[in-house]
Structures are given as C-alpha cells and as structure tokens.
There are 2 protein chains.
Amino acid sequence: MTDKNPKKMVHGGDASLEMTLRPVGVIRNRTKEPFLVADHEGIAMQGELDDTVRRVHRADREMSEIVINEDLIDILEGIDEYSHLTVLYWAHQVPEMSRALTRVHPMGRADMPLTGIFGTCSPARPNPVLMTVVRLCGRKGNVLSVTDLDAIDGSPVIDIKPYVRDFFPQENVQIPGWMQKIQRECERSRP
Amino acid sequence: MTDKNPKKMVHGGDASLEMTLRPVGVIRNRTKEPFLVADHEGIAMQGELDDTVRRVHRADREMSEIVINEDLIDILEGIDEYSHLTVLYWAHQVPEMSRALTRVHPMGRADMPLTGIFGTCSPARPNPVLMTVVRLCGRKGNVLSVTDLDAIDGSPVIDIKPYVRDFFPQENVQIPGWMQKIQRECERSRP
C-alpha cells in the first residue's frame, strides 16, 4: 500500500491509488428530475423556491425502494433491527464537468453568499457521493422500503451504514447564518 | 446518462457508469495502524477490547490535519463558520479482497452476532468509504485541524460536507441490542 516513489505522490496523496466504486444497488422512486441542476458555471434550482421546497417535502414523505444486488443479499442480515439508516449514493445526473466547481451560491440562489462546495450540500462536488439518513419502513428480501430519501430514481447505491444517533455531536453545533436561513425557510414550508 | 442497451444493465443498475473517486486531500495524524484489520475471512481487533477502546478514545482527542489539495483551496471558503464537519475518506489499508465480505462479527468479536456488513461499521465493505463527524478547531490555508477523526494517517479524503444537527433524526431512533452493548462499553471506558 505504501509507495515511496516521489513521482507518484501528488498533493500529499498517492495518485496510483485506485478508488473505484461499484454500485451495490439502485434507488427506485417517483422523483425523476433533480431539484438542483448543475453545469460548469454552478448550480440552479428547478422552478421557484417555494415550489422546490414543497417538492422536497413531498418527496421526503414518499416511499423509495433501495434495491440491493441479489448476489449481496447476505449483507442485509440484521438490518431490520435499525429504525434509520445512512445511505450513500452517487449523483449520477451531475455532469462530469461540474465536478470541477469549487464555489457555488447555496441552492443556486443569488441571495446566498458564494461559498466553497465543502461548506454546502451542493450535489456537484469533486466526488459526487451524496448522503442522507432514511427511515427504514420494511424489507422484502433484497428490497428496502424507506422514506426521507433525498435521491432521484436510478441513483446508484454506494453504501448503507447504521444510523446511531449518539455517534453524532448534539451540543454546541454551529452553522453559518445562511444555512440557518435555509433551515427556517424549509421549516415554514413544511406541510 | 441513460442507456437502454439491456446487456449493459446488471442488477437494475447501469454497469457502464464510471464511479471513480479522486482524492481531494489526505489525512495526517499519529494513528499509523487501523484498530480493526480485515482479510478475506472477516475483521479482527488489534489487541484486547479495553485497550482498543482506550486507543480509540485517545485518538479521538488528538488533533488530525486534513490537508486539502492546494489547487482546491477555494472549495474551503466559508468552512470556518461550521463547528463540525462530516468527512468521507477511503479505507486505504483495507485489502481489495475484503470488499467481497458480506457478513462479519461486529468489531471482530465472537460474542457479537454474525451481521450483514450494512448493519455494521466494519471498515471492510463493498465500497470502503468511511464517514466521521469531526470538530473543526482551526484552519490555515488548505489545512484543517480537527479532533474526533477516526481515520488513520495517510487516508485519502473523498469529501467534506457540512454537519447540520437538525438534518439528522433525533427521535424514535432504534438500534440493535449488540450495538447498544458496544455503546455502553465505550461509554464506560471513556477517560
């Protein structure tokens, strides 16, 4: 795993390391279009803010299926004992060129400050691995039924992990003012 | 992005989709060996349980550096306004063959039930993308100083995301009995 050849070392990392993901399954739901679209210039909301927020809330309540590859079914053994799961998936509709973006206006909104991608939830990122915590409602064999999955139909699944609340910091958590504003707006539009 | 050729469709996913990760940086700290080692048969703890738990607690308190590639420095703009960040990194010391594991005894302990990988925090998984929420203590240019980073020295960084507490479920979260036991043991050994 170690390689002392300095020619292969870039940015302090080992450029020869292969990090190739294999889809372990696919997400199936009724959300066919992303709420945010990305190109080489940035990200943009589809439609108006209020409408987008309502669409997101509606999608959260709807059931999604996570269809795990049948040859991996053993990997789900015991998963039913969790009420919630962390799902990693690939933003497969983000165009390749959008991976080069470094800053965006959060949610594509001009009233939000231009912010480095790592401080935003932009789907366009150098590695478009998106994460969401879902509620597990049931399982039939290799198919999990979940709600609150903020992914579009056909998204390749990368990983599923336990969600254990106490593993996440609960106190003295600070976030930027613009993120607090987005939270307040989402709360207001909740049905 | 869509491809109707059925030969390319496997497991309901599109096998032609390339999901290659590019390291955006590297983790630097004093943890040189993983706490859990993996081979084709499963995972095993290095040393005794109490000692391992103490080592994990000690490592959590120690400062790690996340060195982001210099050409990506704009991607960190505004990140200082967060107290906590979600870090995705690659388990680069997990051997390739361990990606084929589907079930393990959590923490390599025979007293824990054989469990599907997706219900465990095993570093050996089909896609060894590990996740941890860290406390951001400071930034100097492209270098973030953080605590609570459960990664070993040299781990390639895949992504950094905001940590927003309210995005994570807080109520009615259920976990298996064996996971509750691990939590209690970790709590007891906390210095």
# chains A, B, ... in the order shown; residues from 1 in each chain; ligands from 1
$ closest_atom_pairs --of "chain A" --to "chain B" --cutoff "7 Å" --atoms "only C-alpha atoms" --output "JSON lines"
{"residue": "A:Met1", "atom": "CA", "partner": "B:Gln93", "partner_atom": "CA", "distance": 6.9}
{"residue": "A:His11", "atom": "CA", "partner": "B:Asn69", "partner_atom": "CA", "distance": 5.3}
{"residue": "A:Gly12", "atom": "CA", "partner": "B:Val26", "partner_atom": "CA", "distance": 6.5}
{"residue": "A:Gly13", "atom": "CA", "partner": "B:Val26", "partner_atom": "CA", "distance": 5.8}
{"residue": "A:Met19", "atom": "CA", "partner": "B:Leu21", "partner_atom": "CA", "distance": 5.3}
{"residue": "A:Thr20", "atom": "CA", "partner": "B:Thr20", "partner_atom": "CA", "distance": 4.5}
{"residue": "A:Leu21", "atom": "CA", "partner": "B:Met19", "partner_atom": "CA", "distance": 5.3}
{"residue": "A:Arg22", "atom": "CA", "partner": "B:Asn127", "partner_atom": "CA", "distance": 6.8}
{"residue": "A:Gly25", "atom": "CA", "partner": "B:Gly13", "partner_atom": "CA", "distance": 6.6}
{"residue": "A:Val26", "atom": "CA", "partner": "B:Gly13", "partner_atom": "CA", "distance": 5.8}
{"residue": "A:Asn69", "atom": "CA", "partner": "B:His11", "partner_atom": "CA", "distance": 5.3}
{"residue": "A:Leu72", "atom": "CA", "partner": "B:Thr102", "partner_atom": "CA", "distance": 6.8}
{"residue": "A:Asp74", "atom": "CA", "partner": "B:Thr102", "partner_atom": "CA", "distance": 5.8}
{"residue": "A:Ile75", "atom": "CA", "partner": "B:Gly116", "partner_atom": "CA", "distance": 4.0}
{"residue": "A:Leu76", "atom": "CA", "partner": "B:Gly116", "partner_atom": "CA", "distance": 4.9}
{"residue": "A:Glu77", "atom": "CA", "partner": "B:Gly116", "partner_atom": "CA", "distance": 4.4}
{"residue": "A:Gly78", "atom": "CA", "partner": "B:Thr115", "partner_atom": "CA", "distance": 5.9}
{"residue": "A:Ile79", "atom": "CA", "partner": "B:Gly119", "partner_atom": "CA", "distance": 5.1}
{"residue": "A:Glu81", "atom": "CA", "partner": "B:Pro176", "partner_atom": "CA", "distance": 5.2}
{"residue": "A:Tyr82", "atom": "CA", "partner": "B:Ile175", "partner_atom": "CA", "distance": 4.7}
{"residue": "A:Ser83", "atom": "CA", "partner": "B:Gln174", "partner_atom": "CA", "distance": 5.0}
{"residue": "A:His84", "atom": "CA", "partner": "B:Val173", "partner_atom": "CA", "distance": 6.5}
{"residue": "A:Gln93", "atom": "CA", "partner": "B:Met1", "partner_atom": "CA", "distance": 7.0}
{"residue": "A:Thr102", "atom": "CA", "partner": "B:Ile75", "partner_atom": "CA", "distance": 4.5}
{"residue": "A:Arg103", "atom": "CA", "partner": "B:Ile75", "partner_atom": "CA", "distance": 5.9}
{"residue": "A:Thr115", "atom": "CA", "partner": "B:Glu77", "partner_atom": "CA", "distance": 5.7}
{"residue": "A:Gly116", "atom": "CA", "partner": "B:Ile75", "partner_atom": "CA", "distance": 4.0}
{"residue": "A:Ile117", "atom": "CA", "partner": "B:Ile75", "partner_atom": "CA", "distance": 5.2}
{"residue": "A:Phe118", "atom": "CA", "partner": "B:Ile160", "partner_atom": "CA", "distance": 5.2}
{"residue": "A:Gly119", "atom": "CA", "partner": "B:Ile79", "partner_atom": "CA", "distance": 5.1}
{"residue": "A:Thr120", "atom": "CA", "partner": "B:Pro162", "partner_atom": "CA", "distance": 6.2}
{"residue": "A:Cys121", "atom": "CA", "partner": "B:Lys161", "partner_atom": "CA", "distance": 6.6}
{"residue": "A:Asn127", "atom": "CA", "partner": "B:Leu21", "partner_atom": "CA", "distance": 5.8}
{"residue": "A:Val133", "atom": "CA", "partner": "B:Phe168", "partner_atom": "CA", "distance": 6.7}
{"residue": "A:Pro156", "atom": "CA", "partner": "B:Gly13", "partner_atom": "CA", "distance": 6.5}
{"residue": "A:Ile158", "atom": "CA", "partner": "B:Asn127", "partner_atom": "CA", "distance": 6.4}
{"residue": "A:Asp159", "atom": "CA", "partner": "B:Asn127", "partner_atom": "CA", "distance": 6.5}
{"residue": "A:Ile160", "atom": "CA", "partner": "B:Phe118", "partner_atom": "CA", "distance": 5.2}
{"residue": "A:Lys161", "atom": "CA", "partner": "B:Phe118", "partner_atom": "CA", "distance": 5.2}
{"residue": "A:Pro162", "atom": "CA", "partner": "B:Gly119", "partner_atom": "CA", "distance": 5.3}
{"residue": "A:Val164", "atom": "CA", "partner": "B:Ile175", "partner_atom": "CA", "distance": 6.8}
{"residue": "A:Arg165", "atom": "CA", "partner": "B:Gln170", "partner_atom": "CA", "distance": 6.7}
{"residue": "A:Phe168", "atom": "CA", "partner": "B:Val133", "partner_atom": "CA", "distance": 6.7}
{"residue": "A:Gln170", "atom": "CA", "partner": "B:Arg165", "partner_atom": "CA", "distance": 6.7}
{"residue": "A:Val173", "atom": "CA", "partner": "B:Ser83", "partner_atom": "CA", "distance": 5.7}
{"residue": "A:Gln174", "atom": "CA", "partner": "B:Ser83", "partner_atom": "CA", "distance": 5.0}
{"residue": "A:Ile175", "atom": "CA", "partner": "B:Tyr82", "partner_atom": "CA", "distance": 4.7}
{"residue": "A:Pro176", "atom": "CA", "partner": "B:Glu81", "partner_atom": "CA", "distance": 5.2}
$ select_by_dssp --residues "stretch 77-188 of chain A" --states "strand (DSSP E)" --output "MDAnalysis selection string"
chainID A and resid 84:90 103:104 115:116 129:140 143:147 156:162
$ closest_residue --among "B:Asp111, B:Ser189, B:Gln46, B:Thr147" --to "B:Glu62" --atoms "only C-alpha atoms"
B:Thr147
$ select_by_dssp --residues "stretch 5-162 of chain A" --states "helix (DSSP H, G or I)" --output "ChimeraX atom specification"
/A:6-8,49-61,70-76,79-81,96-100,106-108,117-119
$ residues_around --residues "A:Arg54" --least-positions-apart "3" --cutoff "9 Å" --atoms "only C-alpha atoms" --output "list in words"
Leu49, Asp50, Asp51, His57, Arg58, Ala59, Cys186, Ser189, Arg190 and Pro191 of chain A
$ decode --residues "stretch 89-105 of chain B" --atoms "all heavy atoms" --output "CSV table (one decimal), in the first residue's frame"
chain,number,residue,atom,x,y,z
B,89,TYR,N,-13.8,9.5,3.8
B,89,TYR,CA,-12.5,9.1,3.4
B,89,TYR,C,-12.4,7.7,3.0
B,89,TYR,O,-13.4,6.9,3.2
B,89,TYR,CB,-11.5,9.4,4.5
B,89,TYR,CG,-11.8,8.7,5.8
B,89,TYR,CD1,-11.1,7.5,6.2
B,89,TYR,CD2,-12.7,9.2,6.7
B,89,TYR,CE1,-11.4,6.9,7.3
B,89,TYR,CE2,-13.0,8.5,7.9
B,89,TYR,CZ,-12.3,7.4,8.2
B,89,TYR,OH,-12.6,6.7,9.4
B,90,TRP,N,-11.3,7.3,2.4
B,90,TRP,CA,-11.2,6.0,1.8
B,90,TRP,C,-10.4,5.1,2.8
B,90,TRP,O,-9.3,5.6,3.3
B,90,TRP,CB,-10.5,6.0,0.5
B,90,TRP,CG,-10.4,4.8,-0.3
B,90,TRP,CD1,-9.3,3.9,-0.4
B,90,TRP,CD2,-11.4,4.2,-1.1
B,90,TRP,NE1,-9.6,2.9,-1.3
B,90,TRP,CE2,-10.9,3.0,-1.7
B,90,TRP,CE3,-12.8,4.6,-1.4
B,90,TRP,CZ2,-11.7,2.2,-2.6
B,90,TRP,CZ3,-13.5,3.8,-2.3
B,90,TRP,CH2,-13.0,2.6,-2.8
B,91,ALA,N,-10.9,3.9,3.1
B,91,ALA,CA,-10.1,3.0,4.0
B,91,ALA,C,-9.0,2.3,3.2
B,91,ALA,O,-9.2,1.2,2.8
B,91,ALA,CB,-11.1,2.0,4.6
B,92,HIS,N,-7.9,3.1,3.0
B,92,HIS,CA,-6.9,2.6,2.0
B,92,HIS,C,-6.1,1.4,2.5
B,92,HIS,O,-5.4,0.8,1.7
B,92,HIS,CB,-6.0,3.8,1.7
B,92,HIS,CG,-5.1,4.2,2.8
B,92,HIS,ND1,-5.6,4.6,4.0
B,92,HIS,CD2,-3.8,4.3,2.9
B,92,HIS,CE1,-4.6,5.0,4.8
B,92,HIS,NE2,-3.5,4.8,4.2
B,93,GLN,N,-6.2,1.0,3.8
B,93,GLN,CA,-5.5,-0.1,4.2
B,93,GLN,C,-6.4,-1.4,4.3
B,93,GLN,O,-5.9,-2.5,4.7
B,93,GLN,CB,-4.9,0.1,5.6
B,93,GLN,CG,-3.7,1.1,5.5
B,93,GLN,CD,-2.7,0.9,6.6
B,93,GLN,OE1,-2.8,0.1,7.5
B,93,GLN,NE2,-1.7,1.8,6.6
B,94,VAL,N,-7.6,-1.3,3.8
B,94,VAL,CA,-8.5,-2.5,3.7
B,94,VAL,C,-8.1,-3.2,2.4
B,94,VAL,O,-8.2,-2.6,1.4
B,94,VAL,CB,-10.0,-2.1,3.7
B,94,VAL,CG1,-10.8,-3.2,3.3
B,94,VAL,CG2,-10.4,-1.6,5.1
B,95,PRO,N,-7.7,-4.4,2.5
B,95,PRO,CA,-7.3,-5.1,1.3
B,95,PRO,C,-8.4,-5.3,0.3
B,95,PRO,O,-9.6,-5.5,0.7
B,95,PRO,CB,-6.7,-6.5,1.7
B,95,PRO,CG,-7.1,-6.6,3.2
B,95,PRO,CD,-7.5,-5.3,3.7
B,96,GLU,N,-8.1,-5.3,-1.0
B,96,GLU,CA,-9.1,-5.4,-2.0
B,96,GLU,C,-10.1,-6.6,-1.8
B,96,GLU,O,-11.3,-6.5,-1.9
B,96,GLU,CB,-8.4,-5.5,-3.4
B,96,GLU,CG,-9.3,-5.6,-4.6
B,96,GLU,CD,-10.1,-4.3,-4.9
B,96,GLU,OE1,-9.7,-3.2,-4.4
B,96,GLU,OE2,-11.1,-4.4,-5.6
B,97,MET,N,-9.5,-7.7,-1.4
B,97,MET,CA,-10.3,-8.9,-1.2
B,97,MET,C,-11.4,-8.8,-0.1
B,97,MET,O,-12.4,-9.5,-0.1
B,97,MET,CB,-9.4,-10.1,-0.9
B,97,MET,CG,-8.7,-10.0,0.4
B,97,MET,SD,-7.5,-11.4,0.7
B,97,MET,CE,-6.7,-10.9,2.1
B,98,SER,N,-11.1,-7.9,0.8
B,98,SER,CA,-12.1,-7.7,1.9
B,98,SER,C,-13.4,-7.0,1.5
B,98,SER,O,-14.4,-7.0,2.2
B,98,SER,CB,-11.5,-6.9,3.1
B,98,SER,OG,-10.4,-7.6,3.6
B,99,ARG,N,-13.3,-6.4,0.3
B,99,ARG,CA,-14.5,-5.8,-0.3
B,99,ARG,C,-15.6,-6.8,-0.6
B,99,ARG,O,-16.8,-6.5,-0.8
B,99,ARG,CB,-14.2,-4.9,-1.5
B,99,ARG,CG,-13.3,-3.8,-1.1
B,99,ARG,CD,-12.9,-3.0,-2.3
B,99,ARG,NE,-14.0,-2.3,-3.0
B,99,ARG,CZ,-13.9,-1.4,-4.0
B,99,ARG,NH1,-12.6,-1.1,-4.4
B,99,ARG,NH2,-14.9,-0.8,-4.5
B,100,ALA,N,-15.2,-8.1,-0.7
B,100,ALA,CA,-16.2,-9.2,-1.0
B,100,ALA,C,-16.9,-9.7,0.2
B,100,ALA,O,-17.8,-10.5,0.1
B,100,ALA,CB,-15.4,-10.3,-1.7
B,101,LEU,N,-16.5,-9.3,1.4
B,101,LEU,CA,-17.2,-9.8,2.6
B,101,LEU,C,-18.6,-9.3,2.6
B,101,LEU,O,-18.9,-8.2,2.2
B,101,LEU,CB,-16.5,-9.2,3.9
B,101,LEU,CG,-15.1,-9.8,4.3
B,101,LEU,CD1,-14.5,-9.0,5.4
B,101,LEU,CD2,-15.3,-11.2,4.7
B,102,THR,N,-19.5,-10.2,3.1
B,102,THR,CA,-20.9,-9.7,3.3
B,102,THR,C,-21.4,-9.7,4.7
B,102,THR,O,-22.3,-9.0,5.1
B,102,THR,CB,-21.9,-10.6,2.5
B,102,THR,OG1,-21.7,-12.0,2.8
B,102,THR,CG2,-21.6,-10.5,1.0
B,103,ARG,N,-20.8,-10.6,5.6
B,103,ARG,CA,-21.1,-10.6,7.0
B,103,ARG,C,-19.9,-10.6,7.9
B,103,ARG,O,-18.9,-11.2,7.5
B,103,ARG,CB,-22.0,-11.8,7.3
B,103,ARG,CG,-23.3,-11.8,6.5
B,103,ARG,CD,-24.2,-13.0,6.8
B,103,ARG,NE,-23.5,-14.3,6.7
B,103,ARG,CZ,-24.1,-15.4,7.0
B,103,ARG,NH1,-25.2,-15.5,7.6
B,103,ARG,NH2,-23.4,-16.6,6.8
B,104,VAL,N,-20.0,-10.0,9.0
B,104,VAL,CA,-18.9,-10.0,10.0
B,104,VAL,C,-19.4,-10.1,11.4
B,104,VAL,O,-20.6,-9.8,11.6
B,104,VAL,CB,-18.0,-8.8,9.9
B,104,VAL,CG1,-17.2,-8.7,8.6
B,104,VAL,CG2,-18.8,-7.5,10.1
B,105,HIS,N,-18.6,-10.5,12.3
B,105,HIS,CA,-18.9,-10.3,13.7
B,105,HIS,C,-18.5,-8.9,14.1
B,105,HIS,O,-17.3,-8.5,13.9
B,105,HIS,CB,-18.2,-11.3,14.6
B,105,HIS,CG,-18.6,-12.7,14.5
B,105,HIS,ND1,-19.8,-13.2,15.1
B,105,HIS,CD2,-18.1,-13.7,13.8
B,105,HIS,CE1,-19.9,-14.4,14.7
B,105,HIS,NE2,-18.9,-14.8,14.0
